[in-house]
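Student: Structure incoming, see below.
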Amino acid sequence: MKAVCNRFTPLFSRREMLRTCSAGFGGLALASLLADESPANPLASKPAHRAPRAKQVIFLFMHGGPSQVDTFDYKPRLARDHGKPLPFAKPRVVSGKTGNLLKSPFTFRQHGQCGTWVSELFPHVAGCVDDLCIINSMHCSNSRHGGALLELHTGSDTFVRPSMGSWITYGLGSENQNLPGFVTICPTLTHGGANAYGSAFLPADYAGVRLGNASIPSSQAKIPFIDNADETPTKLQRMELDLLRQMNRERLSGIGPDESLEARINSFELAFRMQSEAPQLQDISGESQAIQALYGLDNPETENFGRQCLMARRFVERGVRFVQCSHSYKWDQHTGLKKGHSKNALEVDRPIAGLLTDLKAHGLLDDTLVMWGGEFGRTPVAEQDDGRNHNPQGFSMWLAGGGVKPGLVHGATDDYGYYATEDKVHVHDLHATLLHLLGLDHLRLTYSHGGRQFRLTDIYGEIVHDIIG
Amino acid sequence: MQFPEDPHLDWACHFSSESHFESMADRNHSFVAILFQLSQVVCLWLIAAGTTEVAANTSREELDFFERRVRPVLVEHCFECHSSDTPESELQLDSLAGMLTGGIRGPSIVVSKPDESLLVRAIRHGEILKMPPKTKLSPTQIADIAAWIEMGAPWPDSEPIPADISTSRGAEASFSEEQFAFWSLQKPVRPVTPGVQHGPWIRTPIDAFILHRLEAAGFSPAPPASRRTLIRRATFDLTGLPPTPEEIQTFLTDQRKGAFARVVERLLASPRYGERWGRHWLDVARYADSNGLDENLAYGNAFQYRDYVVAAFNNDKPFDRFVHEQIAGDLLPEFANTVARLEAMVATGFLSLGAKMLAEDDPVKMQMDIIDEQIDTIGRAFIGLSLGCARCHDHKFDPVSTADYYGLAGIFKSTKTMDHFNVVARWQERPLASPEEVGVFESQKQQISTNQSEIETLQNTAAEEVLQDARQHVGQYLLATCQLEPADGLLGNDHQPKAEFVQAWSDYLQRTSHDESSPFAAWNTVVSEPDPSMLSDYVKGVLDELDFPRSSFAATDETETGRLLHDLAQRYQDRCVQIVSQGETTKDNAFNKALATVLNDPDGPFKVPETIDKYYSEKIAAELTALKTKQESLEKALPQIPHAMAVSEGPVEDVRIHIRGNHLTLGRTVARQLPAGLQLANGHTIDKQRSGRLELASWLTHSDQPLTARVMANRIWLWHFGEGLVRSPDNFGQLGERPTHPGLLDWLAVQFVESGWSIKQMHRLLMLSSTYQMSTAWNEQAALSDPDNFLYWRFNRRRLEAESIRDALLAASAQLDFSTGGSLLPTENRAYVTGTASVNPVAYQSKRRSIYLPIVRSALYDMFQVFDFADPSVMHGQRQSTTVAPQALFMMNSQFVSEQTLALADRLLGLQDLEDRDRVAVAYERTVGRSPKEAEVSRNLQFIERYQNATTSSGIGTAEARRRAWQSLCRAIVSTNEFVYTE
């Protein structure tokens, strides 16, 4: 290795430096130490199709399906007609029995300069509402968690397909070759599990690297095999790797040039660097008390998701392309809506607002697209007495930063919040727009597999130009 | 129908008004043109209407309605995409004919039937279509269009409508001669072996094909590999394991002719062979031990199929038979014995193993998706064609039409794969036993179920007895809810109120306390001591019905209240007794009817409590105990019959074409059939009484079938050489790669069939060739012009697959457990392997060969994941081989590598008679299959010393430090490229 990265250089020059002195997290090739410049390195940073508005993405996934009519889609008529039957037909396919209209147990108020209505569930996020671009006309095709979750993450509710993070790293590579290009923190284990961050038929280089999973707290979430099972001292491990390198070099010189052997030699050096880089990245003790409090790390209820959000910021500022934080399978209130949604929102509200504030303060919000939402919304009609069923027909998601119009509410559902009716945005459209913001043309970002050119948006997807700033 | 008057009706003006024009003009030029034409048409019509009659059945008002309320909406919202020039989805909405003809989804309106009209469903944003796509029309606009269709879709000056309009679309797909003439669709003929200059290199005809091309390009083949290299290559290739030092030694010292052939024979005869080559097939069969996708349930019996595949390879089951069994094993006519018959049924697990959306609320969609997965897998696995493309449209490149697809879909619709399609759906499993055993089993199960229903009948009778008694003491329960004891002589107090019913009565009365229409509203009213003058009419009615004197109502003190309640309770009870025991008719009396409903409501006050059995009579209790004892012994005696995921014949059914793949827009019915475009000379037709799977299997393996043998011969080549002769092994269609050596591929395909579809024969043929036995030696000139080695100027260096890396580590440390078969899945069949927040409970601690480790979809074993194990949700003919940092992390840090290297170190240190330099030599022999060079030995010994010193200096004892130093050396060796690559 030509240079060891200076661990004490300030972040932003450091990011550039990492870029030029590293050899690639993923596929590695050639003896070149500037492997990320090499076309043979699949994770080398690649030019976009057009000037990007966003360089990276943080997806805050609310697994289970938050209710739009209790969060960002204010429906006064739902309160007025509480208890009455829905005055129009329910969908042909539903995932459970529902009754009459159920008003929101939460109060809505207007916030910010834009005057957008937000429910009392999100007091902190409401404080950032002038930065949000809320889409109230989302819809998708599947009324079950598994199908909808996979559709949101991969574009298909039927087959195993590459996840959006994989498509994006395939299209753009990564800015930091010492870290994975696509990271998912504490991903859910169910409803598709690894398929939600898998690369399917794209090369494995583009698969999301998971830190922990939903069953463990984010403070313990680690990249697989990053810790030495025997706690071997670094000095000894270095000694072993030096021996290994000698063995490998000697053999390589005897059997002629071979790019893949060369790449494999380099991969051990990279792994060695990564195992010191990643824990530092996850060690947030260097963050000030004020920052930790901003993310809610000082409170046991918000600590877990707050840590995910803070890690997300630390990843994106180091050039990781796609980071997903998961609030795993909590939002599925078939019953106990008030209690459940209150608890869930409490756990994520402060961390999310903290993330938005912090990204903005660091100047990162301009080129980081933050995306919030679940796999579907919930019915405005009641399930049992105080619950709501799954609703893929109309729901809310929001975007912030990364070139979207701030302070905007796009699209609408009907009077009760059941069906998206105006400026509808299908999940495919969201994907097309997401890629567009990253400078990628969803029609051109293709991969040939099994005799067909595949896209994230399959044969669908229209860019929602109205939300682009 | 009435329409509001519009005082400003002036169509010509309206359509040509400047402002309107402008607003549209910037949207689309052609649109402006259409608009202009339209306005002219309208003008003409207005003129015409003044002089001639409008269509016979169309009134002026109706046409007005169209012009005012319908046409403007069409113009504004539909024409941009659906008008004359190049209409989207071939649908034109700018003429009645266009609407009636419809687009690719069929007619858009059904005259007079708005609810059946696709147009109306689309503008209502129904499920299939949502138009306009982004913003729904207003409710008034939608109602107008529906009303217009209902009135018969009057359209001024409409063209004559073609008579057979509904069938004018959906003509048969037509493919070009060129498509049919595509290379892979021609039956392979054994080509003449090409001549070469360097004759002595030719060992088998394969070599002639390879050398011919090399010579033409001016290259020489690489020199032969050394014997050490060759045995390591061949052993990993055929068994997925490294050769033992003894095996290497035997080969090195075998001076007789045919030494390598003997190695190949030994390997082919080893049971390890099936474990390696069966695994290749499992990639194609997308084998897994769990469903994955949405609901990750354990495929607890999938291993039966895996074991079948391993055995099939070990026994060199002819490939055509192998294909037959996997598609129609349950339908094959003749078997040597029951075992063979069951084995063939297990083989159909191939059809069941796919990943399924088990929680899909639309069962029809679920079934079609499952069928699609089957067709797609069969197409790519056996004939290398992406048949799945034709689900939505005729194949754009290969001659497979939508009709072909649905002809195949009918075969699988007529096949039972699933028990049901409810959420969560259940796949079918079939017993692995002879019909006699199943018969015995079934009759035992029948006994169990008979006994069980006897138990239930007895319990019901007993419960009913208890209930009947209680129902005749309603008054006591009413009083008990007020904590009142019945006074002596009242209410027949021989009945002891049962606590459970008292509670249920309290709940019931509480629940209905505000229900004015409850038959017990009167009771609730009296209990709550109301003002008698405020009684509702209904309560008055009830009191009168019960002959309860309303005048005596107002109680003055507690005693009086108690008396009143007693009285009322008595009256309720008397009436209930009449209803229950004396069969008082409930027909004509609403009050009696309501009372009867309450008394018999399974969730009402006489809900059967879980504890009811304590109220049974002694006689019944004794009978029940006897029956339950019998039940236990019957269940104990029931043999455990193993099951396998397998299909069977279902009700025969043809499928209609699903337009654009959507099960809600159906076209014509297609008979079950084999793809017409891929029909063989002597056409296969499907028996009307059967699904057609057997015919499909015969078609796939027919001697005229051009694809199956080619595809499999190519797979075998690929698994030996690392690349196929066709480098897209699962796609032999237009979009696939062309063969690098078409003659060789055809020669192999013909040879494969003529050798009786023997895979082991193919191994012999390939491995004994000079081509296989070349070294990987670098040739700068060849590398420059053929960097991808299309010409086979050397053998491809290959990284071991995930399983071989793991197995080789276990073999080196002598920890490998060679037991075969069975399941290591700790999860019960059909239980969740991964749940909401539960870690995959599957343990990978086993020391058995990797093929036996559970394959959990969407939560794959980390080590497999890291080393490019193919995603088990879809079929793969070729694994990727990436080099990623997590692989290095696995070697450096994982528990598994630590354990194996420590075991190897302990083994080396346990070799008492050896010196350390000899230990180094043993380490090399066991891992990389060679002796170390002198320089390597001394470098490694120095390393041991330095490592040991560094370890002891941190306070660790000498013995342990020595152990760790040797472990570190072993880890370095197994981390080398030399260990994880074969030359």
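We label chains A, B, ... in the order they appear in the structure tokens, count residues from 1 in each chain, and number ligands from 1 in the order shown.
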Would you list which chain A residues are within 7 Å of chain B using only C-alpha atoms, as number ranges by chain?
Tutor: A: 25-28, 93-95, 143-144, 146-147, 158, 160, 188-195, 200, 204-205, 214-215, 225-229, 236, 240, 243-244, 248, 255-256, 261, 263-264, 267-268, 270-271, 329, 421-424, 450-451
Student: List as a list in words the protein and nucleic acid residues near Arg249 in chain A, meaning an atom at most 9 Å away when only C-alpha atoms are counted, but skip any in the same chain fewer than 5 places from it.
Tutor: Leu244, Gly254, Glu262 and Ile265 of chain A
Student: Generate the output file for the selected residues, C-alpha atoms, as a PDB file, in the first residue's frame.
Tutor:
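What follows is the written file part_1.pdb:
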```
ATOM      1  CA  LEU A 244      -0.029 -14.704   3.410  1.00  0.00           C
ATOM      2  CA  GLY A 254       5.388 -18.250 -10.870  1.00  0.00           C
ATOM      3  CA  GLU A 262      -4.254 -10.167  -7.853  1.00  0.00           C
ATOM      4  CA  ILE A 265      -4.476 -10.555  -2.706  1.00  0.00           C
TER       5      ILE A 265
END
```
Student: Which residue gives the smallest distance to Leu434 in chain A among A:Pro217, A:Gly83, A:Gly461, A:Gly286, with only C-alpha atoms counted?
Tutor: A:Gly461
Student: Which distance in Å separates CA of Ile759 in chain B and CA of Ala676 in chain B, to one decimal?
Tutor: 29.9 Å
Student: Apply DSSP to the backbone of this structure and, from range 42-179 of chain A, keep only the residues in alpha helix (DSSP H); write these as a ChimeraX atom specification.
Tutor: /A:76-80,123-126,145-154,164-172
Student: Between B:Ser938, B:Gln912, B:Thr481, B:Pro932, single out the one closest to Arg251 in chain A, counting only C-alpha atoms.
Tutor: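 Checking each of B:Ser938, B:Gln912, B:Thr481, B:Pro932 against Arg251 in chain A, counting only C-alpha atoms, the winner is B:Pro932.
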Student: Counting only C-alpha atoms, which of B:Ala217, B:Leu238, B:Leu791, B:Ala522 gets nearest to Asp537 in chain B?
Tutor: B:Ala522
Student: Can you tell me, as a list of chain:residue names, what residues are no more than 9 Å from Asp157 in chain A when counting only C-alpha atoms, ignoring any on the same chain fewer than 5 positions away?
Tutor: A:Ser141, A:Asn142, A:Gly146, A:Gly147, A:Ala148, A:Leu149, A:Leu150, A:Glu151, A:Leu152, B:Met357
Student: Quick one: write out the picked residues with C-alpha atoms as a PDB file, in the first residue's frame?
Tutor:
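Output below, filename again_8.pdb:
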```
ATOM      1  CA  SER A 141     -50.085  -3.524  -5.779  1.00  0.00           C
ATOM      2  CA  ASN A 142     -50.025  -5.890  -2.848  1.00  0.00           C
ATOM      3  CA  GLY A 146     -44.306  -9.679   2.151  1.00  0.00           C
ATOM      4  CA  GLY A 147     -45.513  -8.697  -1.281  1.00  0.00           C
ATOM      5  CA  ALA A 148     -45.685  -4.991  -0.544  1.00  0.00           C
ATOM      6  CA  LEU A 149     -42.340  -4.935   1.218  1.00  0.00           C
ATOM      7  CA  LEU A 150     -40.645  -6.662  -1.673  1.00  0.00           C
ATOM      8  CA  GLU A 151     -42.388  -4.413  -4.159  1.00  0.00           C
ATOM      9  CA  LEU A 152     -41.198  -1.330  -2.318  1.00  0.00           C
TER      10      LEU A 152
ATOM     11  CA  MET B 357     -45.894 -15.827  -2.301  1.00  0.00           C
TER      12      MET B 357
END
```
Student: I'd like the contact shell of Phe315 in chain A - 10 Å cut-off, only C-alpha atoms, skipping same-chain residues fewer than 2 positions apart - returned as JSON, numbers by chain.
Tutor: {"A": [56, 58, 176, 179, 180, 181, 182, 183, 278, 281, 282, 309, 310, 311, 312, 313, 317, 318, 319, 320, 321, 322, 323]}
Student: Write to file, as a PDB file, in the first residue's frame, the residues of the selection just made, with C-alpha atoms.
Tutor:
```pdb
ATOM      1  CA  GLN A  56     -26.791   9.216  -1.767  1.00  0.00           C
ATOM      2  CA  ILE A  58     -31.034   7.283   3.389  1.00  0.00           C
ATOM      3  CA  ASN A 176     -15.757   4.989  -0.492  1.00  0.00           C
ATOM      4  CA  LEU A 179     -16.809   0.576   3.096  1.00  0.00           C
ATOM      5  CA  PRO A 180     -19.703  -1.197   1.458  1.00  0.00           C
ATOM      6  CA  GLY A 181     -21.618   0.871  -1.066  1.00  0.00           C
ATOM      7  CA  PHE A 182     -24.961  -0.251   0.299  1.00  0.00           C
ATOM      8  CA  VAL A 183     -25.564  -0.753   3.982  1.00  0.00           C
ATOM      9  CA  ALA A 278     -15.892   0.171  10.269  1.00  0.00           C
ATOM     10  CA  LEU A 281     -17.416   4.502  12.088  1.00  0.00           C
ATOM     11  CA  GLN A 282     -19.794   2.736  14.414  1.00  0.00           C
ATOM     12  CA  CYS A 309     -30.023   7.469  12.175  1.00  0.00           C
ATOM     13  CA  LEU A 310     -26.739   8.760  13.524  1.00  0.00           C
ATOM     14  CA  MET A 311     -24.892   5.850  11.918  1.00  0.00           C
ATOM     15  CA  ALA A 312     -26.673   6.657   8.684  1.00  0.00           C
ATOM     16  CA  ARG A 313     -25.292  10.178   8.762  1.00  0.00           C
ATOM     17  CA  GLU A 317     -20.684  11.525   4.989  1.00  0.00           C
ATOM     18  CA  ARG A 318     -18.110   8.873   4.167  1.00  0.00           C
ATOM     19  CA  GLY A 319     -19.625   8.309   0.783  1.00  0.00           C
ATOM     20  CA  VAL A 320     -21.727   5.197   1.293  1.00  0.00           C
ATOM     21  CA  ARG A 321     -24.277   5.299  -1.498  1.00  0.00           C
ATOM     22  CA  PHE A 322     -27.391   3.822   0.054  1.00  0.00           C
ATOM     23  CA  VAL A 323     -28.149   3.429   3.740  1.00  0.00           C
TER      24      VAL A 323
END
```
Student: Can you tell me which residues surround Leu332 in chain B at a distance of at most 12 Å, considering only C-alpha atoms, apart from same-chain residues fewer than 4 positions away, and format the answer as number ranges by chain?
Tutor: B: 321-328, 336, 340-345, 347-348, 648, 693-695, 697-698
Student: Which neighbours of Phe313 in chain B fall inside 12 Å, counting only C-alpha atoms, when residues of the same chain fewer than 4 positions from it are skipped, and could you give them as a ChimeraX atom specification?
Tutor: /B:238-239,268-282,306-309,317-319,321-322,757-761,763
Student: For the selection just defined, write its residues with N, CA and C atoms to a file, as a short mmCIF file (atom, residue, chain, number, x, y, z; two decimals), in the first residue's frame.
Tutor:
```cif
data_model
loop_
_atom_site.label_atom_id
_atom_site.label_comp_id
_atom_site.auth_asym_id
_atom_site.auth_seq_id
_atom_site.Cartn_x
_atom_site.Cartn_y
_atom_site.Cartn_z
N LEU B 238 -14.92 -33.66 -9.51
CA LEU B 238 -15.90 -34.74 -9.42
C LEU B 238 -16.47 -34.95 -8.03
N THR B 239 -15.73 -34.54 -7.00
CA THR B 239 -16.24 -34.80 -5.65
C THR B 239 -16.34 -33.56 -4.78
N LEU B 268 -15.62 -41.43 -9.90
CA LEU B 268 -17.02 -41.60 -10.33
C LEU B 268 -17.74 -42.64 -9.48
N ALA B 269 -16.96 -43.58 -8.94
CA ALA B 269 -17.58 -44.63 -8.13
C ALA B 269 -17.79 -44.18 -6.68
N SER B 270 -17.19 -43.06 -6.34
CA SER B 270 -17.28 -42.61 -4.94
C SER B 270 -18.64 -41.98 -4.67
N PRO B 271 -19.24 -42.28 -3.50
CA PRO B 271 -20.51 -41.62 -3.16
C PRO B 271 -20.37 -40.10 -3.06
N ARG B 272 -19.13 -39.64 -2.93
CA ARG B 272 -18.90 -38.18 -2.87
C ARG B 272 -19.23 -37.52 -4.20
N TYR B 273 -19.19 -38.33 -5.27
CA TYR B 273 -19.46 -37.79 -6.61
C TYR B 273 -20.88 -37.21 -6.69
N GLY B 274 -21.86 -37.97 -6.24
CA GLY B 274 -23.26 -37.51 -6.30
C GLY B 274 -23.47 -36.27 -5.46
N GLU B 275 -22.71 -36.17 -4.37
CA GLU B 275 -22.85 -35.00 -3.50
C GLU B 275 -22.34 -33.74 -4.19
N ARG B 276 -21.41 -33.91 -5.09
CA ARG B 276 -20.87 -32.77 -5.83
C ARG B 276 -21.74 -32.45 -7.05
N TRP B 277 -22.00 -33.45 -7.87
CA TRP B 277 -22.73 -33.18 -9.11
C TRP B 277 -24.23 -33.01 -8.87
N GLY B 278 -24.72 -33.65 -7.82
CA GLY B 278 -26.10 -33.41 -7.43
C GLY B 278 -26.28 -31.95 -7.04
N ARG B 279 -25.27 -31.40 -6.38
CA ARG B 279 -25.34 -29.99 -5.97
C ARG B 279 -25.42 -29.08 -7.19
N HIS B 280 -24.69 -29.42 -8.26
CA HIS B 280 -24.81 -28.62 -9.49
C HIS B 280 -26.27 -28.59 -9.94
N TRP B 281 -26.87 -29.79 -9.94
CA TRP B 281 -28.26 -29.84 -10.40
C TRP B 281 -29.19 -29.08 -9.46
N LEU B 282 -28.88 -29.11 -8.16
CA LEU B 282 -29.73 -28.40 -7.20
C LEU B 282 -29.73 -26.89 -7.48
N ARG B 306 -33.60 -33.59 -2.52
CA ARG B 306 -32.15 -33.46 -2.58
C ARG B 306 -31.47 -34.84 -2.55
N ASP B 307 -31.95 -35.71 -1.66
CA ASP B 307 -31.34 -37.03 -1.57
C ASP B 307 -31.61 -37.85 -2.84
N TYR B 308 -32.77 -37.62 -3.42
CA TYR B 308 -33.10 -38.28 -4.69
C TYR B 308 -32.09 -37.86 -5.76
N VAL B 309 -31.79 -36.56 -5.81
CA VAL B 309 -30.87 -36.05 -6.84
C VAL B 309 -29.47 -36.62 -6.64
N LYS B 317 -28.33 -42.27 -13.26
CA LYS B 317 -29.68 -42.39 -13.83
C LYS B 317 -29.68 -41.71 -15.19
N PRO B 318 -30.12 -42.38 -16.24
CA PRO B 318 -30.12 -41.74 -17.56
C PRO B 318 -30.86 -40.40 -17.50
N PHE B 319 -30.30 -39.40 -18.12
CA PHE B 319 -30.84 -38.05 -17.97
C PHE B 319 -32.27 -37.94 -18.48
N ARG B 321 -34.55 -40.16 -18.30
CA ARG B 321 -35.38 -40.69 -17.22
C ARG B 321 -35.47 -39.66 -16.07
N PHE B 322 -34.36 -39.04 -15.79
CA PHE B 322 -34.27 -38.03 -14.73
C PHE B 322 -35.26 -36.89 -15.01
N TRP B 757 -27.99 -41.26 -22.64
CA TRP B 757 -28.12 -40.10 -21.75
C TRP B 757 -27.31 -40.31 -20.46
N SER B 758 -26.17 -40.97 -20.58
CA SER B 758 -25.36 -41.25 -19.39
C SER B 758 -24.44 -40.07 -19.09
N ILE B 759 -24.62 -39.51 -17.91
CA ILE B 759 -23.78 -38.36 -17.52
C ILE B 759 -22.37 -38.82 -17.20
N LYS B 760 -22.26 -39.99 -16.57
CA LYS B 760 -20.91 -40.47 -16.24
C LYS B 760 -20.08 -40.73 -17.50
N GLN B 761 -20.76 -41.19 -18.55
CA GLN B 761 -20.04 -41.36 -19.82
C GLN B 761 -19.49 -40.03 -20.32
N HIS B 763 -18.61 -37.53 -18.45
CA HIS B 763 -17.43 -37.17 -17.65
C HIS B 763 -16.18 -37.84 -18.22
#
```
Student: Please indicate the distance in Å from CA of Gly411 in chain A to CA of Ile135 in chain A, rounded to one decimal place.
Tutor: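 According to the coordinates, CA of Gly411 in chain A and CA of Ile135 in chain A are separated by 6.0 Å.
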Student: Between CA of Gly212 in chain A and CA of Asp332 in chain A, what is the spacing in Å?
Tutor: 22.3 Å
Student: Can you pull out every residue within 12 Å of Leu748 in chain B, counting only C-alpha atoms, but drop anything in the same chain fewer than 6 positions away, and send it as number ranges by chain?
Tutor: B: 188-191, 193, 204-207, 209, 709-717, 725, 741-742, 754-755, 757-759, 761-763, 765-766
Student: So which one's closest to Lys619 in chain B, B:Leu91, B:Leu816, B:Leu458, B:Ala381? Using only C-alpha atoms, please.
Tutor: B:Leu458
